[in-house]
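Q: Got a file for you: structure_12.pdb, PDB, C-alpha atoms.
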```pdb
MODEL        1
ATOM      1  CA  MET A   1      17.909 -11.715  39.100
ATOM      2  CA  THR A   2      17.561  -8.304  37.587
ATOM      3  CA  VAL A   3      19.497  -7.519  34.442
ATOM      4  CA  PRO A   4      22.012  -4.677  34.663
ATOM      5  CA  VAL A   5      21.209  -1.720  32.450
ATOM      6  CA  SER A   6      24.697  -1.865  30.957
ATOM      7  CA  TRP A   7      23.793  -5.163  29.328
ATOM      8  CA  TYR A   8      21.015  -3.443  27.454
ATOM      9  CA  LEU A   9      23.496  -0.767  26.376
ATOM     10  CA  MET A  10      25.862  -3.456  25.113
ATOM     11  CA  LEU A  11      23.056  -5.089  23.178
ATOM     12  CA  ALA A  12      22.122  -1.727  21.692
ATOM     13  CA  ALA A  13      25.730  -1.172  20.643
ATOM     14  CA  VAL A  14      25.812  -4.572  18.959
ATOM     15  CA  LEU A  15      22.559  -3.888  17.125
ATOM     16  CA  PHE A  16      23.775  -0.473  16.061
ATOM     17  CA  ALA A  17      27.032  -1.915  14.753
ATOM     18  CA  ILE A  18      25.137  -4.549  12.765
ATOM     19  CA  GLY A  19      22.909  -1.850  11.309
ATOM     20  CA  THR A  20      25.927   0.297  10.445
ATOM     21  CA  ILE A  21      27.604  -2.537   8.590
ATOM     22  CA  GLY A  22      24.409  -3.213   6.696
ATOM     23  CA  ALA A  23      23.850   0.400   5.747
ATOM     24  CA  LEU A  24      27.408   0.734   4.486
ATOM     25  CA  THR A  25      27.739  -2.548   2.627
ATOM     26  CA  ARG A  26      24.348  -3.198   1.061
ATOM     27  CA  ARG A  27      23.637  -1.908  -2.418
ATOM     28  CA  ASN A  28      19.900  -2.366  -2.514
ATOM     29  CA  GLY A  29      18.100   0.799  -1.409
ATOM     30  CA  ILE A  30      15.405  -1.078   0.490
ATOM     31  CA  SER A  31      17.994  -3.118   2.375
ATOM     32  CA  ILE A  32      19.842   0.039   3.373
ATOM     33  CA  PHE A  33      16.577   1.400   4.699
ATOM     34  CA  LEU A  34      16.000  -1.737   6.732
ATOM     35  CA  SER A  35      19.504  -1.431   8.189
ATOM     36  CA  ILE A  36      18.756   2.151   9.157
ATOM     37  CA  GLU A  37      15.623   0.939  10.946
ATOM     38  CA  VAL A  38      17.776  -1.499  12.931
ATOM     39  CA  MET A  39      20.082   1.388  13.893
ATOM     40  CA  LEU A  40      17.102   3.500  14.965
ATOM     41  CA  ASN A  41      15.890   0.656  17.130
ATOM     42  CA  ALA A  42      19.265   0.317  18.787
ATOM     43  CA  ALA A  43      19.184   4.021  19.629
ATOM     44  CA  ASN A  44      15.677   3.606  21.024
ATOM     45  CA  LEU A  45      16.854   0.749  23.205
ATOM     46  CA  THR A  46      19.616   2.949  24.586
ATOM     47  CA  LEU A  47      17.141   5.703  25.392
ATOM     48  CA  ILE A  48      14.774   3.344  27.155
ATOM     49  CA  ALA A  49      17.638   1.788  29.107
ATOM     50  CA  TYR A  50      18.748   5.191  30.355
ATOM     51  CA  SER A  51      15.148   6.077  31.113
ATOM     52  CA  ARG A  52      15.058   3.002  33.350
ATOM     53  CA  GLN A  53      18.366   3.873  34.947
ATOM     54  CA  LEU A  54      17.479   7.493  35.668
ATOM     55  CA  GLU A  55      13.846   6.757  36.560
ATOM     56  CA  SER A  56      12.722   9.424  34.135
ATOM     57  CA  HIS A  57      10.027   9.563  31.517
ATOM     58  CA  VAL A  58      12.001  11.809  29.200
ATOM     59  CA  GLY A  59      13.714   8.910  27.481
ATOM     60  CA  GLN A  60      10.366   7.331  26.665
ATOM     61  CA  VAL A  61       9.067  10.636  25.317
ATOM     62  CA  VAL A  62      12.093  10.932  23.048
ATOM     63  CA  VAL A  63      11.540   7.381  21.816
ATOM     64  CA  PHE A  64       7.977   8.361  21.017
ATOM     65  CA  PHE A  65       9.305  11.178  18.849
ATOM     66  CA  VAL A  66      11.873   8.914  17.227
ATOM     67  CA  LEU A  67       9.109   6.486  16.275
ATOM     68  CA  ALA A  68       7.136   9.284  14.632
ATOM     69  CA  VAL A  69      10.175  10.567  12.758
ATOM     70  CA  ALA A  70      11.006   7.027  11.625
ATOM     71  CA  ALA A  71       7.502   6.669  10.227
ATOM     72  CA  ALA A  72       7.824   9.951   8.343
ATOM     73  CA  GLU A  73      11.269   8.999   7.081
ATOM     74  CA  ALA A  74      10.067   5.631   5.827
ATOM     75  CA  ALA A  75       7.115   7.176   4.013
ATOM     76  CA  VAL A  76       9.168   9.852   2.263
ATOM     77  CA  GLY A  77      12.104   7.563   1.524
ATOM     78  CA  LEU A  78       9.977   4.824   0.013
ATOM     79  CA  ALA A  79       8.126   7.393  -2.080
ATOM     80  CA  LEU A  80      11.490   8.600  -3.360
ATOM     81  CA  PHE A  81      12.447   5.024  -4.203
ATOM     82  CA  ILE A  82       9.233   4.644  -6.180
ATOM     83  CA  ALA A  83       9.978   7.866  -8.051
ATOM     84  CA  VAL A  84      13.561   6.780  -8.770
ATOM     85  CA  PHE A  85      12.421   3.330  -9.851
ATOM     86  CA  ARG A  86      10.074   4.892 -12.413
ATOM     87  CA  GLN A  87      12.955   6.778 -13.979
ATOM     88  CA  ARG A  88      15.775   4.261 -13.748
ATOM     89  CA  HIS A  89      14.019   0.903 -13.336
ATOM     90  CA  THR A  90      16.388  -0.008 -10.532
ATOM     91  CA  ILE A  91      17.036   0.985  -6.959
ATOM     92  CA  ASP A  92      20.494  -0.507  -6.945
ATOM     93  CA  LEU A  93      22.474   2.330  -5.466
ATOM     94  CA  ASN A  94      25.544   1.460  -7.519
ATOM     95  CA  ARG A  95      23.606   2.475 -10.603
ATOM     96  CA  ILE A  96      21.924   5.555  -9.204
ATOM     97  CA  ASN A  97      25.011   7.712  -9.237
ATOM     98  CA  LEU A  98      23.714  10.847 -10.896
ATOM     99  CA  LEU A  99      24.514  12.991  -7.878
ATOM    100  CA  ARG A 100      27.536  11.111  -6.668
ATOM    101  CA  TRP A 101      30.356  12.491  -8.761
TER     102      TRP A 101
ATOM    103  CA  MET B 102      13.687 -15.218  35.221
ATOM    104  CA  GLU B 103      14.224 -11.708  33.944
ATOM    105  CA  LEU B 104      17.744 -12.708  32.973
ATOM    106  CA  LEU B 105      16.416 -15.656  31.005
ATOM    107  CA  VAL B 106      13.901 -13.504  29.125
ATOM    108  CA  PHE B 107      16.583 -10.922  28.432
ATOM    109  CA  LEU B 108      19.021 -13.493  27.084
ATOM    110  CA  ILE B 109      16.447 -15.161  24.864
ATOM    111  CA  PHE B 110      15.198 -11.967  23.307
ATOM    112  CA  ALA B 111      18.624 -10.342  23.078
ATOM    113  CA  PHE B 112      19.869 -13.356  21.169
ATOM    114  CA  LEU B 113      16.754 -13.283  18.995
ATOM    115  CA  ALA B 114      17.221  -9.587  18.248
ATOM    116  CA  VAL B 115      20.872  -9.980  17.288
ATOM    117  CA  ALA B 116      20.256 -13.062  15.153
ATOM    118  CA  ALA B 117      17.304 -11.511  13.357
ATOM    119  CA  SER B 118      19.135  -8.249  12.741
ATOM    120  CA  LEU B 119      21.996 -10.256  11.221
ATOM    121  CA  VAL B 120      19.455 -11.806   8.877
ATOM    122  CA  VAL B 121      18.115  -8.315   8.081
ATOM    123  CA  VAL B 122      21.569  -7.164   7.106
ATOM    124  CA  ALA B 123      22.822 -10.279   5.364
ATOM    125  CA  HIS B 124      19.885 -11.756   3.475
ATOM    126  CA  LYS B 125      19.832 -11.167  -0.258
ATOM    127  CA  ASN B 126      16.073 -11.129  -0.611
ATOM    128  CA  PRO B 127      14.502  -7.911   0.737
ATOM    129  CA  VAL B 128      11.273  -9.702   1.658
ATOM    130  CA  TYR B 129      13.097 -12.029   4.032
ATOM    131  CA  SER B 130      15.044  -9.069   5.369
ATOM    132  CA  THR B 131      11.799  -7.296   6.158
ATOM    133  CA  MET B 132      10.370 -10.342   7.882
ATOM    134  CA  ALA B 133      13.527 -10.645   9.971
ATOM    135  CA  LEU B 134      13.136  -6.975  10.840
ATOM    136  CA  VAL B 135       9.714  -7.811  12.277
ATOM    137  CA  VAL B 136      11.345 -10.385  14.559
ATOM    138  CA  THR B 137      13.973  -7.849  15.630
ATOM    139  CA  LEU B 138      11.339  -5.241  16.398
ATOM    140  CA  PHE B 139       9.276  -7.687  18.428
ATOM    141  CA  ALA B 140      12.297  -8.767  20.431
ATOM    142  CA  VAL B 141      13.271  -5.169  21.140
ATOM    143  CA  ALA B 142       9.672  -4.413  22.119
ATOM    144  CA  VAL B 143       9.856  -7.209  24.680
ATOM    145  CA  LEU B 144      13.044  -5.636  26.031
ATOM    146  CA  PHE B 145      11.206  -2.299  26.259
ATOM    147  CA  VAL B 146       8.584  -3.974  28.429
ATOM    148  CA  LEU B 147      11.326  -5.500  30.565
ATOM    149  CA  LEU B 148      12.797  -2.044  31.021
ATOM    150  CA  GLY B 149       9.540  -0.670  32.360
ATOM    151  CA  ALA B 150       8.211   0.989  29.219
ATOM    152  CA  PRO B 151       5.234  -1.152  28.208
ATOM    153  CA  PHE B 152       3.524   1.658  26.346
ATOM    154  CA  ILE B 153       6.566   2.243  24.158
ATOM    155  CA  GLY B 154       6.735  -1.487  23.509
ATOM    156  CA  VAL B 155       3.141  -1.514  22.334
ATOM    157  CA  LEU B 156       3.794   1.560  20.194
ATOM    158  CA  GLN B 157       6.799  -0.149  18.689
ATOM    159  CA  VAL B 158       4.729  -3.126  17.610
ATOM    160  CA  LEU B 159       1.857  -0.973  16.382
ATOM    161  CA  ILE B 160       3.837   1.619  14.469
ATOM    162  CA  TYR B 161       6.767  -0.407  13.236
ATOM    163  CA  THR B 162       5.264  -3.752  12.407
ATOM    164  CA  GLY B 163       1.807  -2.378  11.814
ATOM    165  CA  ALA B 164       2.671   0.543   9.604
ATOM    166  CA  ILE B 165       6.294   0.845   8.591
ATOM    167  CA  VAL B 166       7.036  -2.786   7.810
ATOM    168  CA  VAL B 167       3.791  -3.109   5.879
ATOM    169  CA  LEU B 168       4.829  -0.029   3.904
ATOM    170  CA  PHE B 169       8.189  -1.640   3.181
ATOM    171  CA  LEU B 170       6.569  -4.866   2.034
ATOM    172  CA  PHE B 171       4.110  -2.943  -0.094
ATOM    173  CA  VAL B 172       6.879  -1.036  -1.854
ATOM    174  CA  ILE B 173       8.954  -4.212  -2.329
ATOM    175  CA  MET B 174       5.985  -5.914  -3.958
ATOM    176  CA  LEU B 175       5.136  -2.822  -5.985
ATOM    177  CA  LEU B 176       8.626  -2.433  -7.385
ATOM    178  CA  ASN B 177       9.014  -6.198  -7.777
ATOM    179  CA  ILE B 178      12.565  -6.237  -6.500
ATOM    180  CA  GLY B 179      13.442  -9.882  -6.553
ATOM    181  CA  ARG B 180      17.022  -9.968  -5.488
ATOM    182  CA  GLU B 181      19.826  -7.633  -4.936
ATOM    183  CA  GLU B 182      21.385  -6.855  -8.258
ATOM    184  CA  SER B 183      25.008  -6.148  -7.527
ATOM    185  CA  GLN B 184      27.145  -8.108  -5.161
ATOM    186  CA  LEU B 185      27.202  -7.648  -1.443
ATOM    187  CA  ALA B 186      30.280  -5.623  -0.562
ATOM    188  CA  GLY B 187      31.260  -5.110  -4.148
ATOM    189  CA  HIS B 188      33.533  -2.309  -3.080
ATOM    190  CA  LYS B 189      36.282  -3.532  -0.828
ATOM    191  CA  ALA B 190      37.015  -0.095   0.549
ATOM    192  CA  GLN B 191      33.441   0.371   1.670
ATOM    193  CA  PHE B 192      33.391  -3.031   3.312
ATOM    194  CA  PHE B 193      36.499  -2.330   5.330
ATOM    195  CA  THR B 194      35.193   1.125   6.190
ATOM    196  CA  ALA B 195      32.059  -0.474   7.551
ATOM    197  CA  ILE B 196      34.020  -2.975   9.646
ATOM    198  CA  PHE B 197      36.270  -0.242  10.922
ATOM    199  CA  GLY B 198      33.351   2.023  11.805
ATOM    200  CA  ALA B 199      31.506  -0.746  13.597
ATOM    201  CA  VAL B 200      34.555  -1.788  15.615
ATOM    202  CA  LEU B 201      35.283   1.822  16.462
ATOM    203  CA  PHE B 202      31.738   2.378  17.611
ATOM    204  CA  GLY B 203      31.700  -0.759  19.727
ATOM    205  CA  GLY B 204      34.996   0.182  21.314
ATOM    206  CA  LEU B 205      33.755   3.644  22.120
ATOM    207  CA  VAL B 206      30.622   2.331  23.753
ATOM    208  CA  ILE B 207      32.531  -0.159  25.868
ATOM    209  CA  LEU B 208      34.937   2.593  26.874
ATOM    210  CA  ALA B 209      32.054   4.877  27.816
ATOM    211  CA  LEU B 210      30.362   2.148  29.794
ATOM    212  CA  SER B 211      33.463   1.279  31.741
ATOM    213  CA  SER B 212      34.398   4.867  32.529
ATOM    214  CA  VAL B 213      31.022   6.354  33.422
ATOM    215  CA  ARG B 214      29.876   5.574  36.935
ATOM    216  CA  MET B 215      26.341   4.340  36.881
ATOM    217  CA  GLY B 216      24.283   5.038  39.940
ATOM    218  CA  ALA B 217      22.785   2.256  41.944
ATOM    219  CA  GLN B 218      20.055   0.558  40.005
ATOM    220  CA  SER B 219      16.753  -0.166  41.621
ATOM    221  CA  ASP B 220      15.643  -3.773  41.496
ATOM    222  CA  ASP B 221      12.377  -3.284  39.683
ATOM    223  CA  PRO B 222      11.192  -0.384  37.587
ATOM    224  CA  SER B 223       9.268   1.882  39.901
ATOM    225  CA  LEU B 224       5.522   2.183  39.577
ATOM    226  CA  ALA B 225       5.888   5.846  38.656
ATOM    227  CA  LEU B 226       8.135   4.930  35.730
ATOM    228  CA  VAL B 227       5.796   2.297  34.372
ATOM    229  CA  SER B 228       2.657   4.377  34.756
ATOM    230  CA  LEU B 229       1.146   5.712  31.586
ATOM    231  CA  LYS B 230      -0.120   8.720  33.460
ATOM    232  CA  GLY B 231       3.373   9.923  34.245
ATOM    233  CA  LEU B 232       4.450   9.474  30.636
ATOM    234  CA  ALA B 233       1.421  11.371  29.370
ATOM    235  CA  THR B 234       1.999  14.170  31.861
ATOM    236  CA  THR B 235       5.576  14.581  30.700
ATOM    237  CA  LEU B 236       4.595  14.376  27.056
ATOM    238  CA  PHE B 237       1.729  16.835  27.200
ATOM    239  CA  THR B 238       3.192  19.433  29.520
ATOM    240  CA  GLU B 239       6.940  19.661  29.202
ATOM    241  CA  TYR B 240       7.137  18.337  25.642
ATOM    242  CA  LEU B 241       3.906  19.699  24.230
ATOM    243  CA  LEU B 242       5.544  21.887  21.591
ATOM    244  CA  PRO B 243       7.730  19.086  20.172
ATOM    245  CA  PHE B 244       4.626  16.929  20.124
ATOM    246  CA  GLU B 245       2.774  19.458  17.994
ATOM    247  CA  ILE B 246       5.795  19.871  15.737
ATOM    248  CA  ILE B 247       5.906  16.105  15.242
ATOM    249  CA  GLY B 248       2.308  16.270  14.079
ATOM    250  CA  LEU B 249       3.247  18.943  11.575
ATOM    251  CA  LEU B 250       6.225  16.853  10.452
ATOM    252  CA  LEU B 251       3.980  13.883   9.794
ATOM    253  CA  LEU B 252       1.624  16.057   7.766
ATOM    254  CA  VAL B 253       4.511  17.401   5.690
ATOM    255  CA  ALA B 254       5.854  13.865   5.235
ATOM    256  CA  VAL B 255       2.495  12.626   3.971
ATOM    257  CA  ILE B 256       2.234  15.485   1.495
ATOM    258  CA  GLY B 257       5.837  15.043   0.416
ATOM    259  CA  ALA B 258       5.463  11.300  -0.055
ATOM    260  CA  THR B 259       2.309  11.818  -2.108
ATOM    261  CA  VAL B 260       4.004  14.352  -4.346
ATOM    262  CA  ALA B 261       7.192  12.332  -4.723
ATOM    263  CA  ALA B 262       5.441   9.074  -5.580
ATOM    264  CA  ARG B 263       3.164  10.552  -8.220
ATOM    265  CA  ARG B 264       3.576   9.305 -11.740
ATOM    266  CA  PRO B 265       5.876  11.655 -13.627
ATOM    267  CA  PRO B 266       4.802  13.088 -16.986
ATOM    268  CA  GLN B 267       5.910  10.947 -19.870
ATOM    269  CA  SER B 268       6.883  13.917 -22.014
ATOM    270  CA  GLU B 269      10.449  15.094 -22.276
ATOM    271  CA  GLY B 270      11.965  17.596 -19.919
ATOM    272  CA  PRO B 271      12.921  17.351 -16.292
ATOM    273  CA  ALA B 272      10.261  15.797 -14.148
ATOM    274  CA  ILE B 273      10.723  18.198 -11.311
ATOM    275  CA  ALA B 274      10.028  21.297 -13.379
ATOM    276  CA  SER B 275       6.684  20.049 -14.601
ATOM    277  CA  GLY B 276       5.789  18.065 -11.541
ATOM    278  CA  PHE B 277       2.756  20.087 -10.650
ATOM    279  CA  GLU B 278       1.005  20.347 -13.999
ATOM    280  CA  PRO B 279      -2.095  18.286 -14.598
ATOM    281  CA  ARG B 280      -1.470  15.764 -17.276
ATOM    282  CA  VAL B 281      -2.669  12.571 -18.880
ATOM    283  CA  ASP B 282      -0.388   9.587 -18.992
ATOM    284  CA  PRO B 283      -0.294   8.559 -22.668
ATOM    285  CA  VAL B 284       1.317   5.193 -22.098
ATOM    286  CA  ARG B 285      -1.143   3.763 -19.657
ATOM    287  CA  SER B 286      -3.990   5.870 -21.062
ATOM    288  CA  THR B 287      -5.627   6.382 -17.714
ATOM    289  CA  PRO B 288      -6.359  10.008 -16.992
ATOM    290  CA  HIS B 289      -5.408  11.145 -13.565
ATOM    291  CA  GLU B 290      -8.078  12.246 -11.207
ATOM    292  CA  GLU B 291      -5.802  13.766  -8.635
ATOM    293  CA  PRO B 292      -6.723  16.988  -6.965
ATOM    294  CA  GLN B 293      -4.357  19.615  -8.195
ATOM    295  CA  PRO B 294      -2.911  22.083  -5.728
TER     296      PRO B 294
ENDMDL
END
```
Could you show the structure in this file as structure tokens?
A:
Amino acid sequence: MTVPVSWYLMLAAVLFAIGTIGALTRRNGISIFLSIEVMLNAANLTLIAYSRQLESHVGQVVVFFVLAVAAAEAAVGLALFIAVFRQRHTIDLNRINLLRW
Amino acid sequence: MELLVFLIFAFLAVAASLVVVAHKNPVYSTMALVVTLFAVAVLFVLLGAPFIGVLQVLIYTGAIVVLFLFVIMLLNIGREESQLAGHKAQFFTAIFGAVLFGGLVILALSSVRMGAQSDDPSLALVSLKGLATTLFTEYLLPFEIIGLLLLVAVIGATVAARRPPQSEGPAIASGFEPRVDPVRSTPHEEPQP
């Protein structure tokens, strides 16, 4: 039996919701980053599911771009965490509140 | 058969992503992220995108997750320092946002008419040739821009992660001067722009 595409969309929604909760509740910078990666993956799953539904390659091309942007984002973000850690000796985002208010 | 594979890996992805979000130790979170990414890659293959599935494993688990682990080890972050959901308002905001998002998706799914779905992904969809043709003709300019973005990201990451000068003053203002780190007494041999 073939799986309906809507099931994949549901799964992607669940993954995205889990990632959202993680990104909003965690205090560790690395953990927030990992949650964002989960959210990115959920979005990728949605794109691939629609690519399957519409029989089009465009969704896969967009996922390709998303993967590249995620790699760039991870590199820059982790470099920023290293820089912040040198100054503050923590990446607990409750304590890095210089720009918050 | 396809249903069985879908159910197994969907369950695996959800369970592992829960571990990613909930585990206190970032190393375990990262390892659970690997499981999530593998499971989603399997679903990509099921959906007729084997190349994207391979890319997912190569780029995510091969590059990004290793980068995460490297930084976790480098910074020696043992455990999360403050409590999970220390701020009640943020916690409830997160729950509310997640429920809202889920509701919206279900609403969209039930209202939008999906066309008839073919039984198996067509050969044209699975073929790498078709994907490459789309990527290198219609989306050639975004492809080149992505290359530029990666170059800029590499340069930016290198600049951002450099050791700041130990002297007083804002680090950003003197970020580009050559200097010697007095504490660790190892002169830098970096090429200066």
Q: Using the chain letters and numbers from the file, give me the residues hit by the PyMOL selection byres ((chain A and resi 72) around 9), as a PyMOL selection string.
A: (chain A and resi 67-71+73-77) or (chain B and resi 250-255+258)
Q: Could you tell me how far CA of Leu170 in chain B lies from CA of Arg95 in chain A, in Å and to one decimal?
A: 22.4 Å
Q: Please, what distance in Å, to one decimal, runs between CA of Ala12 in chain A and CA of Asn44 in chain A?
A: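 Result for CA of Ala12 in chain A versus CA of Asn44 in chain A: 8.4 Å, one decimal.
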Q: Between CA of Leu108 in chain B and CA of Ser35 in chain A, what is the spacing in Å?
A: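 Taking CA of Ser35 in chain A and CA of Leu108 in chain B, their separation equals 22.4 Å.
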Q: At a cut-off of 12 Å, using only C-alpha atoms, what residues contact Thr235 in chain B? Leave out same-chain residues fewer than 6 positions from it and give the result as a list of chain:residue names.
A: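 Everything that qualifies: A:Ser56, A:His57, A:Val58, A:Gly59, A:Gln60, A:Val61, A:Val62, A:Phe64, B:Ala225, B:Leu226, B:Ser228, B:Leu229, B:Leu241, B:Leu242, B:Pro243, B:Phe244.
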Q: Generate a file of the selected residues that holds C-alpha atoms, formatted as a short mmCIF file (atom, residue, chain, number, x, y, z; two decimals), keeping the file's coordinate frame.
A:
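Written output follows (again_11.cif):
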```
data_model
loop_
_atom_site.label_atom_id
_atom_site.label_comp_id
_atom_site.auth_asym_id
_atom_site.auth_seq_id
_atom_site.Cartn_x
_atom_site.Cartn_y
_atom_site.Cartn_z
CA SER A 56 12.72 9.42 34.14
CA HIS A 57 10.03 9.56 31.52
CA VAL A 58 12.00 11.81 29.20
CA GLY A 59 13.71 8.91 27.48
CA GLN A 60 10.37 7.33 26.66
CA VAL A 61 9.07 10.64 25.32
CA VAL A 62 12.09 10.93 23.05
CA PHE A 64 7.98 8.36 21.02
CA ALA B 225 5.89 5.85 38.66
CA LEU B 226 8.14 4.93 35.73
CA SER B 228 2.66 4.38 34.76
CA LEU B 229 1.15 5.71 31.59
CA LEU B 241 3.91 19.70 24.23
CA LEU B 242 5.54 21.89 21.59
CA PRO B 243 7.73 19.09 20.17
CA PHE B 244 4.63 16.93 20.12
#
```
Q: With the PyMOL selection byres ((chain B and resi 144-151) around 8) as the selection, what would be picked from this file? Answer as a ChimeraX atom specification, please.
A: /A:45,48-49,52,60 /B:103,107,110-111,140-143,152-155,222-223,226-227
Q: Given the PyMOL selection byres ((chain A and resi 19) around 7) and the file above, list the residues it selects as number ranges by chain.
A: A: 15-18, 20-23, 35-36, 38-39; B: 122
Q: Excluding same-chain residues fewer than 5 positions from range 201-207 of chain B, what lies within 9 Å of it counting all atoms listed in the file, as a ChimeraX atom specification?
A: /A:9-10,13-14,16-17 /B:196,212
Q: Please determine, counting all atoms listed in the file, which residue among B:Leu159, B:Val166, B:Ala199, B:Ala233 has the shortest atom-to-atom distance to chain A.
A: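 With all atoms listed in the file as the atom set, the closest residue is B:Ala199.
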Q: Between A:Ala79, A:Ala43, A:Val66, A:Leu93, which one has atoms that come closest to chain B, using all atoms listed in the file?
A: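 Of A:Ala79, A:Ala43, A:Val66, A:Leu93, the one nearest chain B is A:Ala79, counting all atoms listed in the file.
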Q: Quick one: of B:Phe197, B:Leu249, B:Arg264, B:Ala117, who's nearest to Arg86 in chain A, counting all atoms listed in the file?
A: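 The shortest atom-to-atom distance to Arg86 in chain A comes from B:Arg264.
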Q: Could you check the closest approach to chain A for each of B:Leu224, B:Ala195, B:Val135, B:Leu113 and tell me which residue wins, using all atoms listed in the file?
A: B:Ala195
Q: Here is a test: counting only C-alpha atoms, which residue of B:Leu104, B:Val128, B:Lys230, B:Ala116 is nearest to chain A?
A: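 Closest residue, counting only C-alpha atoms: B:Leu104.
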Q: Using only C-alpha atoms, can you tell me which of B:Ile256, B:Val167, B:Gln157, B:Leu176 comes closest to Val63 in chain A?
A: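 That would be B:Gln157, the residue with the smallest distance to Val63 in chain A.
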Q: If you count all atoms listed in the file, which residues fall within 8 Å of Tyr50 in chain A, apart from same-chain ones fewer than 3 positions away, as a VMD selection string?
A: chain A and resid 5 46 to 47 53 to 54 59
Q: Counting all atoms listed in the file, note down every residue that has an atom within 12 Å of the point (12.2, 6.3, -10.0) (file coordinates), as a list of chain:residue names.
A: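 Neighbouring residues, ordered by chain and number, come to A:Gly29, A:Gly77, A:Leu78, A:Ala79, A:Leu80, A:Phe81, A:Ile82, A:Ala83, A:Val84, A:Phe85, A:Arg86, A:Gln87, A:Arg88, A:His89, A:Thr90, A:Ile91, A:Asp92, A:Leu93, A:Ile96, B:Leu176, B:Ala261, B:Ala262, B:Arg263, B:Arg264, B:Pro265, B:Ala272.
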Q: Taking all listed atoms of range 171-174 of chain B, build the axis-aligned box, pad each of the six sides by 6 Å, then write its centre and edge lengths in Å to one decimal as lines of an AutoDock Vina configuration file.
A:
```
center_x = 6.5
center_y = -3.5
center_z = -2.0
size_x = 16.8
size_y = 16.9
size_z = 15.9
```
